[in-house]
$ cat entry.cif   # mmCIF, C-alpha atoms
data_entry
loop_
_atom_site.label_atom_id
_atom_site.label_comp_id
_atom_site.auth_asym_id
_atom_site.auth_seq_id
_atom_site.Cartn_x
_atom_site.Cartn_y
_atom_site.Cartn_z
CA MET A 24 113.82 110.26 101.59
CA LYS A 25 117.33 111.52 101.13
CA LYS A 26 117.97 114.46 98.86
CA GLU A 27 118.66 113.46 95.29
CA LEU A 28 121.77 114.50 93.39
CA ASN A 29 121.52 117.14 90.68
CA LEU A 30 121.02 114.92 87.67
CA MET A 31 123.14 115.30 84.56
CA ILE A 32 120.39 113.72 82.47
CA THR A 33 116.61 114.23 82.57
CA PRO A 34 113.89 111.68 81.76
CA ALA A 35 113.20 113.56 78.51
CA GLU A 36 116.82 113.01 77.46
CA PHE A 37 116.85 109.35 78.48
CA PRO A 38 117.79 106.97 75.64
CA VAL A 39 114.81 104.63 76.24
CA PRO A 40 111.24 105.05 77.54
CA LEU A 41 111.56 105.62 81.29
CA ILE A 42 109.07 105.18 84.14
CA ILE A 43 110.17 106.48 87.56
CA LEU A 44 108.29 105.06 90.54
CA PRO A 45 108.57 106.55 94.04
CA GLU A 46 107.90 103.06 95.45
CA THR A 47 106.97 99.56 94.33
CA ASP A 48 107.35 96.02 95.63
CA SER A 49 109.41 94.86 92.65
CA THR A 50 110.15 96.56 89.35
CA ASN A 51 109.95 93.14 87.66
CA ASN A 52 106.45 92.63 89.07
CA TYR A 53 105.36 96.14 88.02
CA LEU A 54 106.69 95.81 84.47
CA THR A 55 105.31 92.29 84.05
CA GLN A 56 101.86 93.47 85.08
CA LEU A 57 102.12 96.50 82.80
CA CYS A 58 103.04 94.30 79.84
CA ASN A 59 100.28 91.82 80.59
CA GLU A 60 97.69 94.59 80.73
CA GLN A 61 98.81 96.67 77.77
CA GLN A 62 101.67 94.97 75.97
CA SER A 63 101.03 96.65 72.62
CA ALA A 64 101.63 100.02 74.31
CA VAL A 65 104.79 99.00 76.20
CA ARG A 66 107.65 99.66 73.82
CA GLU A 67 110.80 97.58 73.69
CA PHE A 68 113.51 98.83 76.12
CA THR A 69 110.87 100.44 78.38
CA THR A 70 112.66 100.84 81.70
CA VAL A 71 111.12 101.07 85.16
CA ILE A 72 113.20 102.37 88.08
CA ALA A 73 112.02 102.53 91.68
CA GLU A 74 113.39 104.96 94.26
CA ARG A 75 112.16 102.55 96.91
CA GLN A 76 111.72 98.84 96.27
CA THR A 77 110.13 96.89 99.11
CA ALA A 78 110.51 93.34 97.80
CA GLY A 79 113.24 93.27 95.20
CA LYS A 80 113.73 89.80 93.74
CA GLY A 81 117.03 87.98 93.37
CA GLN A 82 117.90 84.59 91.94
CA ARG A 83 116.02 81.60 93.41
CA GLY A 84 113.76 83.77 95.56
CA ASN A 85 116.52 85.72 97.31
CA SER A 86 115.85 89.37 98.25
CA TRP A 87 117.91 92.41 97.26
CA GLU A 88 118.84 95.07 99.83
CA SER A 89 118.77 98.63 98.53
CA GLU A 90 118.65 101.88 100.50
CA ASP A 91 116.01 104.35 99.29
CA CYS A 92 117.21 106.78 96.59
CA ARG A 93 120.81 105.61 96.79
CA ASN A 94 121.10 102.86 94.18
CA ILE A 95 119.51 101.85 90.90
CA THR A 96 116.88 99.13 91.08
CA PHE A 97 115.28 98.78 87.67
CA SER A 98 113.77 96.48 85.07
CA PHE A 99 113.44 96.69 81.30
CA VAL A 100 111.58 94.70 78.67
CA LEU A 101 112.64 93.21 75.34
CA TYR A 102 110.68 91.27 72.74
CA PRO A 103 113.47 89.11 71.27
CA THR A 104 111.36 86.90 69.03
CA PHE A 105 114.38 86.40 66.76
CA ILE A 106 116.25 84.49 69.52
CA GLU A 107 115.65 80.76 69.87
CA ALA A 108 114.80 79.57 73.38
CA ARG A 109 117.89 77.35 73.43
CA ARG A 110 120.04 80.48 72.87
CA GLN A 111 118.45 82.62 75.58
CA PHE A 112 121.69 82.86 77.58
CA ILE A 113 122.90 85.45 75.05
CA LEU A 114 120.52 87.94 76.72
CA SER A 115 122.19 87.33 80.07
CA GLN A 116 125.55 87.98 78.41
CA ILE A 117 124.34 91.25 76.88
CA VAL A 118 122.92 92.57 80.14
CA SER A 119 125.87 91.61 82.31
CA LEU A 120 128.40 92.92 79.77
CA SER A 121 126.56 96.25 79.50
CA ILE A 122 126.69 96.77 83.26
CA LYS A 123 130.26 95.56 83.61
CA GLU A 124 131.51 97.81 80.84
CA GLU A 125 129.74 100.85 82.29
CA LEU A 126 131.16 100.24 85.78
CA ASP A 127 134.59 99.88 84.15
CA GLN A 128 134.35 103.60 83.37
CA TRP A 129 134.30 104.40 87.11
CA THR A 130 136.66 101.89 88.69
CA GLU A 131 138.98 98.96 88.04
CA GLY A 132 138.48 95.39 89.20
CA ILE A 133 134.97 94.75 87.79
CA SER A 134 134.15 91.26 86.52
CA ILE A 135 131.15 89.01 85.78
CA LYS A 136 130.71 86.10 88.15
CA TRP A 137 129.03 83.37 86.12
CA PRO A 138 126.26 83.43 85.20
CA ASN A 139 125.54 87.16 85.67
CA ASP A 140 126.49 88.64 89.06
CA ILE A 141 128.74 91.68 88.81
CA TYR A 142 131.71 91.75 91.17
CA TRP A 143 134.35 94.22 92.25
CA ASN A 144 137.29 92.04 93.23
CA GLU A 145 135.68 89.55 95.66
CA LYS A 146 132.58 91.64 96.47
CA LYS A 147 129.16 91.81 94.79
CA ILE A 148 128.08 95.17 93.37
CA CYS A 149 125.18 94.07 91.16
CA GLY A 150 122.61 91.30 90.85
CA ILE A 151 120.54 90.40 87.80
CA LEU A 152 117.35 88.36 87.42
CA ILE A 153 116.08 87.67 83.89
CA GLU A 154 112.60 86.24 83.33
CA ASN A 155 111.92 84.96 79.82
CA ASP A 156 108.50 84.04 78.42
CA LEU A 157 108.72 81.59 75.55
CA SER A 158 106.61 81.60 72.41
CA GLY A 159 107.07 78.26 70.71
CA HIS A 160 110.77 77.71 70.13
CA HIS A 161 111.60 81.42 70.52
CA ILE A 162 111.53 84.06 73.25
CA GLY A 163 108.40 86.18 73.18
CA ARG A 164 109.26 88.54 76.02
CA SER A 165 112.22 89.07 78.33
CA ILE A 166 112.19 91.19 81.48
CA SER A 167 115.51 91.89 83.18
CA GLY A 168 115.50 93.01 86.80
CA ILE A 169 118.70 94.61 88.03
CA GLY A 170 120.03 96.09 91.23
CA VAL A 171 123.29 98.04 91.14
CA ASN A 172 124.77 99.37 94.38
CA ILE A 173 125.74 102.95 93.59
CA ASN A 174 125.71 105.35 96.57
CA GLN A 175 124.84 103.16 99.57
CA ASP A 176 127.20 103.71 102.52
CA VAL A 177 126.26 100.79 104.80
CA PHE A 178 124.71 97.36 104.17
CA ARG A 179 122.70 95.82 106.99
CA SER A 180 121.41 92.54 105.55
CA ASN A 181 123.13 89.20 106.05
CA ALA A 182 124.34 89.17 102.46
CA PRO A 183 127.97 88.00 102.65
CA ASN A 184 129.86 90.45 100.47
CA PRO A 185 127.97 93.55 99.17
CA ILE A 186 129.73 96.72 98.09
CA SER A 187 128.72 99.96 96.38
CA LEU A 188 130.44 102.16 93.83
CA LYS A 189 130.64 104.91 96.44
CA GLN A 190 132.43 102.60 98.87
CA ILE A 191 134.95 101.84 96.13
CA THR A 192 135.52 105.39 94.84
CA GLY A 193 134.73 107.46 97.94
CA LYS A 194 132.24 109.73 96.17
CA ASP A 195 128.59 109.94 95.13
CA HIS A 196 127.63 109.20 91.53
CA ASP A 197 124.76 110.30 89.29
CA ARG A 198 122.57 107.21 89.28
CA TYR A 199 120.49 108.20 86.27
CA LEU A 200 123.54 108.93 84.16
CA ILE A 201 124.90 105.46 84.91
CA LEU A 202 121.49 103.93 84.16
CA ALA A 203 121.26 105.81 80.85
CA ASN A 204 124.72 104.60 79.86
CA ILE A 205 123.85 101.00 80.76
CA MET A 206 120.73 101.12 78.62
CA GLU A 207 122.65 102.65 75.71
CA ARG A 208 125.05 99.70 75.88
CA VAL A 209 122.18 97.20 76.06
CA LYS A 210 120.61 98.80 72.96
CA GLU A 211 123.89 98.66 71.05
CA TYR A 212 124.53 94.98 71.79
CA TYR A 213 120.92 93.98 71.22
CA THR A 214 120.68 95.86 67.92
CA LEU A 215 123.97 94.32 66.78
CA LEU A 216 122.62 90.86 67.56
CA GLN A 217 119.26 91.55 65.93
CA ALA A 218 120.81 92.77 62.68
CA ASP A 219 123.28 89.90 62.40
CA THR A 220 122.55 87.00 60.06
CA SER A 221 125.86 85.15 60.28
CA ASN A 222 126.10 84.64 64.08
CA ASN A 223 129.25 86.79 64.20
CA ALA A 224 127.61 89.16 66.70
CA ALA A 225 126.81 86.32 69.10
CA ASP A 226 130.41 85.12 68.87
CA ILE A 227 131.72 88.63 69.61
CA ILE A 228 129.39 89.01 72.60
CA THR A 229 130.32 85.59 73.99
CA GLU A 230 134.04 86.26 73.53
CA ARG A 231 133.78 89.56 75.43
CA TYR A 232 131.68 87.89 78.11
CA VAL A 233 134.19 85.10 78.70
CA ARG A 234 137.04 87.61 78.73
CA SER A 235 135.18 89.52 81.47
CA LEU A 236 134.53 86.55 83.76
CA PHE A 237 135.46 86.41 87.43
CA ARG A 238 138.53 84.20 88.06
CA ARG A 239 138.92 83.53 84.35
CA ASN A 240 142.67 82.80 84.62
CA GLY A 241 144.42 80.04 86.51
CA PHE A 242 143.16 77.29 88.80
CA HIS A 243 140.63 78.04 91.54
CA ARG A 244 138.70 76.10 94.16
CA TYR A 245 135.18 74.92 93.39
CA ALA A 246 132.68 72.52 94.92
CA ASP A 247 129.93 70.41 93.38
CA ALA A 248 127.73 67.57 94.65
CA ASP A 249 130.78 65.30 94.84
CA GLY A 250 132.98 67.69 96.86
CA GLU A 251 135.77 70.23 96.40
CA PHE A 252 138.19 70.37 93.47
CA LEU A 253 140.63 72.65 91.67
CA ALA A 254 139.87 73.69 88.10
CA ARG A 255 140.28 76.42 85.53
CA LEU A 256 137.67 78.00 83.30
CA LEU A 257 137.61 76.43 79.86
CA ARG A 258 134.57 77.99 78.15
CA VAL A 259 130.89 78.86 78.43
CA GLU A 260 128.46 77.03 76.11
CA PRO A 261 125.70 78.85 74.17
CA ASP A 262 123.11 77.45 76.61
CA GLY A 263 125.04 78.99 79.52
CA ARG A 264 126.70 75.78 80.65
CA PHE A 265 129.89 76.53 82.62
CA ILE A 266 132.76 74.30 81.49
CA LEU A 267 135.72 73.76 83.82
CA LYS A 268 138.84 71.64 83.38
CA ASP A 269 140.21 70.11 86.58
CA GLN A 270 143.80 69.25 87.43
CA THR A 271 143.45 65.75 86.00
CA GLY A 272 142.42 67.19 82.63
CA LYS A 273 138.77 66.18 83.02
CA GLU A 274 136.13 68.55 81.67
CA ARG A 275 133.24 69.32 84.01
CA GLY A 276 130.05 71.04 82.83
CA TYR A 277 127.56 72.82 85.09
CA LEU A 278 124.29 74.66 84.89
CA PHE A 279 123.33 77.42 87.34
CA LYS A 280 123.58 76.40 91.03
CA GLU A 281 125.31 73.10 90.21
CA VAL A 282 128.76 74.39 91.15
CA GLN A 283 129.97 76.74 93.88
CA TYR A 284 132.93 79.11 93.97
CA LEU A 285 135.17 78.68 97.03
CA LEU A 286 137.65 81.15 98.49
#

$ encode --input "entry.cif" --output "structure tokens"
Amino acid sequence: MKKELNLMITPAEFPVPLIILPETDSTNNYLTQLCNEQQSAVREFTTVIAERQTAGKGQRGNSWESEDCRNITFSFVLYPTFIEARRQFILSQIVSLSIKEELDQWTEGISIKWPNDIYWNEKKICGILIENDLSGHHIGRSISGIGVNINQDVFRSNAPNPISLKQITGKDHDRYLILANIMERVKEYYTLLQADTSNNAADIITERYVRSLFRRNGFHRYADADGEFLARLLRVEPDGRFILKDQTGKERGYLFKEVQYLL
């Protein structure tokens, strides 16, 4: 393995419970199994990071390329029983906003590509997979799996457009400091939402999320099952539905994978 940077933050100083694994197949798999075996002992915000991940999971079964000890591949658990299942997209907004706002501290040009990929200009720097377990009409447990490209120099997979923070800035970054800052932001948003009784927090989070979206201004090319069209972003519904308005003035609503961005 490559030599690690001198860390600015130690596990003892980390803002949430932290488990560091030299290697695992998937941090989501590891944390899910841990929760299943001893959930009462796995505290909320417990975070698992792997220095080497052999089978990182992406959306719809895709894999995630990550060079050993160069990026942050991690998962964390929440028990958001106060969130109705129909409102679960708010968790995706919290996670993607937290990462976007942290990366904003290191470079310009960061945005959220709906529903929750993180982009630098036209290139992907982060992927997120959130797995929610429902308990009745509410969410019993939520595990977010995240890969952020931090210090990787070269990408060898057939992924179309990956990029790392190092490739953008030209220098190495302290991965654990960035991870700690991300988790601090997640805690702040989550606590704000949990303490709110008037839905103002959800509105604030959604407003910031929409303001952070990829290609949020002007008309852009999209494609759906009926073909290509030009449209502009109108809004995102509480259930995550992506609402576009085409050049004829018609509103078009999409769930994940029902619409494609075109160059």

$ closest_residue --input "entry.cif" --among "A:Ser158, A:Asn139, A:Ser167, A:Ser119" --to "A:Phe99" --atoms "all atoms listed in the file"
A:Ser167

$ resolve_selection --input "entry.cif" --expression "the PyMOL selection byres ((chain A and resi 126) around 12)" --output "PyMOL selection string"
chain A and resi 119-125+127-135+141-143+148-149+171-173+187-189+191-192+196+198+200-202+204-205+208

$ resolve_selection --input "entry.cif" --expression "the PyMOL selection byres ((chain A and resi 236) around 8)" --output "compact mmCIF listing (two decimals) with C-alpha atoms, in the frame of the given file"
# COMPACT_ATOMS: atom_id res chain seq x y z
CA SER A 134 134.15 91.26 86.52
CA ILE A 135 131.15 89.01 85.78
CA LYS A 136 130.71 86.10 88.15
CA TRP A 137 129.03 83.37 86.12
CA TYR A 232 131.68 87.89 78.11
CA VAL A 233 134.19 85.10 78.70
CA ARG A 234 137.04 87.61 78.73
CA SER A 235 135.18 89.52 81.47
CA PHE A 237 135.46 86.41 87.43
CA ARG A 238 138.53 84.20 88.06
CA ARG A 239 138.92 83.53 84.35

$ closest_residue --input "entry.cif" --among "A:Ile95, A:Glu260, A:Phe105, A:Thr271" --to "A:Asp219" --atoms "all atoms listed in the file"
A:Phe105

$ resolve_selection --input "entry.cif" --expression "the PyMOL selection byres ((chain A and resi 263) around 10)" --output "JSON, numbers by chain"
{"A": [109, 110, 111, 112, 113, 115, 116, 137, 138, 258, 259, 260, 261, 262, 264, 265, 266, 276, 277, 278, 279]}

$ closest_atom_pairs --input "entry.cif" --of "stretch 128-241 of chain A" --to "stretch 35-40 of chain A" --cutoff "9 Å" --atoms "all atoms listed in the file" --output "tab-separated table"
residue	atom	partner	partner_atom	distance
A:Tyr199	CA	A:Phe37	CA	8.7
A:Leu200	CA	A:Phe37	CA	8.8
A:Ala203	CA	A:Phe37	CA	6.1
A:Asn204	CA	A:Pro38	CA	8.5
A:Met206	CA	A:Pro38	CA	7.2
A:Glu207	CA	A:Pro38	CA	6.5
A:Lys210	CA	A:Val39	CA	8.9
